[in-house]
$ cat input-v4.txt   # compact mmCIF, C-alpha atoms and all ligand atoms
# COMPACT_ATOMS: atom_id res chain seq x y z
CA MET A 1 11.06 0.86 49.79
CA THR A 2 10.41 -1.69 47.05
CA TRP A 3 7.11 -3.28 46.12
CA LEU A 4 8.19 -6.52 47.75
CA SER A 5 8.88 -4.96 51.14
CA LEU A 6 5.63 -3.07 50.87
CA LEU A 7 3.81 -6.38 50.40
CA LEU A 8 5.61 -7.95 53.33
CA PHE A 9 4.59 -5.15 55.64
CA ILE A 10 0.93 -5.83 55.03
CA ASP A 11 -0.44 -8.18 57.64
CA ASP A 12 -3.91 -9.67 57.94
CA ASP A 13 -5.08 -6.94 60.24
CA MET A 14 -4.05 -4.29 57.74
CA LEU A 15 -5.77 -6.22 54.97
CA SER A 16 -9.11 -6.23 56.74
CA ARG A 17 -8.79 -2.51 57.43
CA SER A 18 -7.69 -1.45 53.97
CA PRO A 19 -10.74 -0.10 52.20
CA TRP A 20 -9.41 -1.05 48.75
CA ILE A 21 -9.16 -4.72 49.69
CA ARG A 22 -12.76 -5.02 50.95
CA PRO A 23 -14.87 -7.55 48.96
CA GLU A 24 -17.21 -4.90 47.48
CA VAL A 25 -14.21 -2.94 46.29
CA MET A 26 -12.53 -6.06 44.92
CA GLU A 27 -15.67 -6.81 42.92
CA LYS A 28 -15.61 -3.38 41.35
CA MET A 29 -11.91 -3.79 40.61
CA ASN A 30 -12.63 -7.09 38.86
CA MET A 31 -15.16 -5.43 36.66
CA LYS A 32 -12.76 -2.74 35.68
CA PHE A 33 -9.77 -4.99 35.25
CA PRO A 34 -10.59 -6.32 31.74
CA ILE A 35 -11.18 -2.76 30.54
CA ILE A 36 -7.83 -1.64 31.90
CA LEU A 37 -6.14 -4.69 30.33
CA ALA A 38 -7.80 -4.02 26.98
CA SER A 39 -6.62 -0.44 26.85
CA ILE A 40 -3.11 -1.43 27.86
CA SER A 41 -2.90 -4.08 25.12
CA ALA A 42 -4.33 -1.65 22.56
CA ALA A 43 -1.57 0.79 23.45
CA PHE A 44 1.03 -1.97 23.08
CA MET A 45 -0.35 -3.03 19.71
CA LEU A 46 -0.15 0.51 18.37
CA ALA A 47 3.41 0.80 19.61
CA ALA A 48 4.31 -2.59 18.10
CA CYS A 49 3.26 -1.49 14.61
CA GLY A 50 6.67 0.12 14.28
CA GLY A 51 7.23 3.79 13.55
CA GLY A 52 3.78 4.40 14.96
CA GLN A 53 2.26 3.46 11.59
CA SER A 54 -1.06 1.70 11.94
CA GLU A 55 -2.59 -0.59 9.31
CA GLU A 56 -5.11 2.13 8.58
CA ALA A 57 -2.35 4.65 7.92
CA ARG A 58 -0.67 2.15 5.56
CA GLN A 59 -3.89 1.72 3.59
CA GLU A 60 -4.25 5.49 3.34
CA ALA A 61 -0.65 5.81 2.16
CA ILE A 62 -1.20 3.15 -0.53
CA LYS A 63 -4.38 4.83 -1.68
CA SER A 64 -2.86 8.26 -2.17
CA PHE A 65 0.32 6.80 -3.71
CA MET A 66 -1.83 4.91 -6.24
CA ALA A 67 -4.11 7.80 -7.12
CA ASP A 68 -1.66 10.72 -7.07
CA VAL A 69 1.64 9.21 -8.18
CA TYR A 70 1.47 5.68 -9.53
CA ASP A 71 -1.58 5.85 -11.79
CA PRO A 72 -0.40 9.04 -13.56
CA ALA A 73 2.99 7.38 -14.21
CA ALA A 74 1.32 4.40 -15.91
CA ASP A 75 -0.90 6.79 -17.87
CA GLY A 76 2.28 8.28 -19.30
CA ILE A 77 2.64 5.00 -21.19
CA TRP A 78 -0.97 4.10 -21.87
CA THR A 79 -2.12 7.46 -23.20
CA ASN A 80 0.76 7.47 -25.70
CA SER A 81 0.16 4.00 -26.99
CA GLY A 82 -2.55 2.48 -29.16
CA TRP A 83 -5.11 3.60 -31.67
CA VAL A 84 -8.47 5.28 -31.35
CA LEU A 85 -11.34 5.42 -33.80
CA THR A 86 -12.51 8.91 -34.69
CA MET A 87 -14.91 10.28 -37.30
CA GLU A 88 -11.90 10.73 -39.56
CA GLY A 89 -10.82 7.12 -39.08
CA GLU A 90 -8.14 5.45 -37.03
CA GLU A 91 -5.88 7.79 -35.12
CA SER A 92 -2.53 6.74 -33.69
CA LEU A 93 -1.66 7.72 -30.12
CA PHE A 94 2.02 6.83 -30.51
CA PRO A 95 4.77 9.46 -30.33
CA THR A 96 5.62 11.13 -33.61
CA ASN A 97 9.11 12.45 -32.90
CA ASP A 98 12.26 11.61 -30.93
CA ALA A 99 11.42 13.89 -28.01
CA GLU A 100 7.99 12.28 -27.57
CA TRP A 101 9.43 8.75 -27.69
CA GLN A 102 11.98 9.79 -25.09
CA GLU A 103 9.17 11.12 -22.89
CA VAL A 104 7.42 7.74 -22.96
CA ALA A 105 10.72 6.02 -22.13
CA ASP A 106 11.09 8.41 -19.17
CA HIS A 107 7.55 7.61 -17.98
CA ALA A 108 8.39 3.89 -18.12
CA ASP A 109 11.60 4.52 -16.22
CA ASN A 110 9.65 6.49 -13.65
CA LEU A 111 7.20 3.58 -13.29
CA VAL A 112 10.13 1.22 -12.59
CA ASN A 113 11.41 3.49 -9.81
CA LEU A 114 7.96 4.06 -8.34
CA THR A 115 7.31 0.32 -8.30
CA ARG A 116 10.52 -0.18 -6.31
CA GLU A 117 9.14 2.42 -3.91
CA LEU A 118 5.88 0.44 -3.76
CA GLN A 119 7.94 -2.55 -2.60
CA ASP A 120 9.15 -0.57 0.39
CA ASP A 121 7.74 -1.83 3.68
CA LYS A 122 5.97 1.48 4.13
CA TYR A 123 3.51 0.01 1.60
CA ALA A 124 4.37 -3.71 1.46
CA ALA A 125 4.63 -4.31 5.24
CA GLY A 126 6.99 -7.23 4.62
CA ASP A 127 4.51 -9.09 2.38
CA GLN A 128 6.58 -11.21 -0.06
CA GLU A 129 3.65 -11.82 -2.39
CA TRP A 130 3.09 -8.07 -2.67
CA LYS A 131 6.74 -7.63 -3.61
CA ALA A 132 6.62 -10.48 -6.14
CA ILE A 133 3.60 -9.03 -7.94
CA ALA A 134 5.34 -5.64 -8.03
CA ASP A 135 8.40 -7.37 -9.53
CA GLY A 136 6.16 -8.25 -12.47
CA VAL A 137 5.33 -4.58 -13.04
CA ILE A 138 9.04 -3.75 -12.95
CA VAL A 139 9.87 -6.34 -15.64
CA PHE A 140 7.13 -5.06 -17.97
CA ALA A 141 7.90 -1.39 -17.32
CA GLU A 142 11.53 -2.05 -18.24
CA GLU A 143 10.33 -3.71 -21.45
CA ALA A 144 8.13 -0.69 -22.14
CA LYS A 145 11.11 1.60 -21.73
CA GLN A 146 13.10 -0.50 -24.20
CA ALA A 147 10.20 -0.54 -26.66
CA ALA A 148 9.99 3.27 -26.50
CA LEU A 149 13.73 3.62 -27.03
CA ASN A 150 13.35 1.28 -30.06
CA LYS A 151 10.29 3.27 -31.22
CA ASP A 152 8.51 -0.05 -31.57
CA GLU A 153 4.77 0.72 -31.61
CA GLN A 154 3.38 -2.82 -31.51
CA GLU A 155 5.79 -3.87 -28.75
CA LEU A 156 4.95 -0.81 -26.63
CA PHE A 157 1.25 -1.53 -27.06
CA ASP A 158 1.61 -5.21 -26.10
CA VAL A 159 3.79 -4.47 -23.09
CA GLY A 160 1.33 -1.77 -22.00
CA GLY A 161 -1.25 -4.58 -21.82
CA ASP A 162 1.12 -6.68 -19.74
CA ILE A 163 1.57 -3.80 -17.29
CA TYR A 164 -2.18 -3.41 -17.02
CA ARG A 165 -2.61 -7.11 -16.23
CA ALA A 166 0.09 -6.88 -13.54
CA CYS A 167 -1.81 -3.98 -11.91
CA VAL A 168 -5.01 -6.00 -12.00
CA ALA A 169 -3.24 -9.05 -10.53
CA CYS A 170 -2.39 -7.08 -7.40
CA HIS A 171 -5.81 -5.44 -7.19
CA GLN A 172 -7.47 -8.86 -7.41
CA ARG A 173 -5.15 -10.37 -4.83
CA TYR A 174 -5.80 -7.56 -2.36
CA SER A 175 -9.44 -7.23 -3.44
CA VAL A 176 -9.37 -3.62 -4.52
CA PRO A 177 -12.87 -2.76 -5.79
CA ASN A 178 -13.03 -1.99 -9.53
CA SER A 179 -10.49 0.75 -9.66
CA THR A 180 -10.44 3.86 -11.79
CA MET A 181 -6.99 3.16 -13.21
CA ALA A 182 -8.10 2.72 -16.82
CA ASN A 183 -9.55 6.25 -16.92
C1 LIG B 1 1.55 -4.63 -5.24
C2 LIG B 1 0.16 -4.24 -5.28
C3 LIG B 1 -0.34 -3.26 -6.28
C4 LIG B 1 0.07 -3.06 -7.57
C5 LIG B 1 1.16 -3.77 -8.34
C6 LIG B 1 -0.77 -2.03 -8.12
N1 LIG B 1 -1.68 -1.61 -7.18
FE1 LIG B 1 -3.03 -0.10 -7.42
N2 LIG B 1 -3.77 -0.47 -5.59
C7 LIG B 1 -3.27 -1.38 -4.69
C8 LIG B 1 -4.07 -1.36 -3.48
C9 LIG B 1 -3.87 -2.22 -2.24
C10 LIG B 1 -5.08 -0.39 -3.69
C11 LIG B 1 -6.22 0.00 -2.73
C12 LIG B 1 -5.86 1.19 -1.91
C13 LIG B 1 -7.05 1.59 -1.04
O1 LIG B 1 -8.02 2.12 -1.58
O2 LIG B 1 -6.99 1.34 0.15
C14 LIG B 1 -4.86 0.14 -5.03
C15 LIG B 1 -5.64 1.13 -5.60
C16 LIG B 1 -5.41 1.71 -6.83
C17 LIG B 1 -6.16 2.80 -7.40
C18 LIG B 1 -7.37 3.49 -6.73
C19 LIG B 1 -6.86 4.60 -5.83
C20 LIG B 1 -8.02 5.32 -5.16
O3 LIG B 1 -8.16 6.53 -5.35
O4 LIG B 1 -8.78 4.66 -4.44
C21 LIG B 1 -5.63 3.10 -8.62
C22 LIG B 1 -6.09 4.18 -9.59
C23 LIG B 1 -4.53 2.17 -8.83
N3 LIG B 1 -4.42 1.35 -7.71
C24 LIG B 1 -3.72 2.14 -9.95
C25 LIG B 1 -2.76 1.19 -10.20
C26 LIG B 1 -2.02 1.06 -11.44
C27 LIG B 1 -2.21 1.93 -12.64
C28 LIG B 1 -1.18 0.00 -11.29
C29 LIG B 1 -0.20 -0.58 -12.25
C30 LIG B 1 0.67 0.27 -13.01
C31 LIG B 1 -1.38 -0.51 -9.93
N4 LIG B 1 -2.33 0.22 -9.32
C32 LIG B 1 -0.67 -1.57 -9.41
C33 LIG B 1 -2.18 -2.21 -4.87
C34 LIG B 1 -1.47 -2.33 -6.05
$ encode --input "input-v4.txt" --output "structure tokens"
Amino acid sequence: MTWLSLLLFIDDDMLSRSPWIRPEVMEKMNMKFPIILASISAAFMLAACGGGQSEEARQEAIKSFMADVYDPAADGIWTNSGWVLTMEGEESLFPTNDAEWQEVADHADNLVNLTRELQDDKYAAGDQEWKAIADGVIVFAEEAKQAALNKDEQELFDVGGDIYRACVACHQRYSVPNSTMAN
């Protein structure tokens, strides 16, 4: 028996006798109806987020990617580039041999690959602006790799600044509170 035939079998007499159709019951049903609707639509929204990933889960994924993976990769460039003042005078942070220069080039290469990962919809959620800002990091990280391969100190330092500004551009766009990335 289908729902339609069920409906057709109900006559007025049955309606007045059915306890669940009585006005008091109907009133209670009406009160509950919005709650039922709300929980149904919440379930649909969760399902619609694709792969069961909620916005909250995406934010968490971004956060741990940034802190555990992405920031250390950028540090691989920044901590090997520049000059610091010490009691003894100015100290260079740049690599001093071929192996160290190669390491910095590898860090830059790693940053390129990680930034491509950051453009994945797991993090980007289809946001074209997000992907465009990340494209900027890729360009500068590729330049940093080339500078390291050329053992060009000034160029590596300048491009390191460009990378930093690209990070900040995204953080400002998505209003990330003053991050710890320079540490
Ligand atoms: C395309 C966007 C985007 C780019 C590019 C980007 N970030 Fe982020 N970053 C974010 C977002 C969004 C958060 C906030 C995550 C959260 O806390 O929910 C964040 C947070 C961080 C955090 C804080 C993580 C924590 O523990 O709360 C660090 C550190 C960080 N980013 C480092 C960097 C560095 C270094 C770069 C550049 C090499 C960079 N980010 C580039 C989007 C970006």
$ closest_residue --input "input-v4.txt" --among "A:Asp98, A:Gln128, A:Glu90, A:Asp158" --to "ligand LIG 1 (chain B)" --atoms "only C-alpha atoms and all ligand atoms"
A:Gln128
$ residues_near_ligand --input "input-v4.txt" --ligand "ligand LIG 1 (chain B)" --cutoff "6 Å" --atoms "all atoms listed in the file" --output "list in words"
Gln59, Glu60, Ile62, Lys63, Met66, Ala67, Asp71, Ala74, Trp130, Ile133, Ala134, Ile163, Tyr164, Cys167, Cys170, His171, Tyr174, Val176, Ser179, Thr180 and Met181 of chain A
$ atom_distance --input "input-v4.txt" --atom1 "atom CA of Val104 of chain A" --atom2 "atom CA of Leu118 of chain A"
20.6 Å
$ atom_distance --input "input-v4.txt" --atom1 "atom CA of Asp121 of chain A" --atom2 "atom CA of Asp106 of chain A"
25.3 Å
$ closest_residue --input "input-v4.txt" --among "A:Ser175, A:Ala105, A:Gly161, A:Ala169" --to "Gln146 of chain A" --atoms "all atoms listed in the file"
A:Ala105
$ atom_distance --input "input-v4.txt" --atom1 "atom CA of Ala166 of chain A" --atom2 "atom CA of Ala61 of chain A"
20.2 Å
$ closest_residue --input "input-v4.txt" --among "A:Leu111, A:Ala99, A:Ala132, A:Val168" --to "Leu149 of chain A" --atoms "all atoms listed in the file"
A:Ala99
$ closest_residue --input "input-v4.txt" --among "A:Ile77, A:Tyr70, A:Asp152, A:Glu117" --to "Glu103 of chain A" --atoms "all atoms listed in the file"
A:Ile77
$ axis_aligned_box --input "input-v4.txt" --around "segment 142-157 of chain A" --padding-each-side "5 Å" --output "JSON"
{"center_x": 7.5, "center_y": -0.1, "center_z": -24.9, "size_x": 22.5, "size_y": 17.5, "size_z": 23.4}
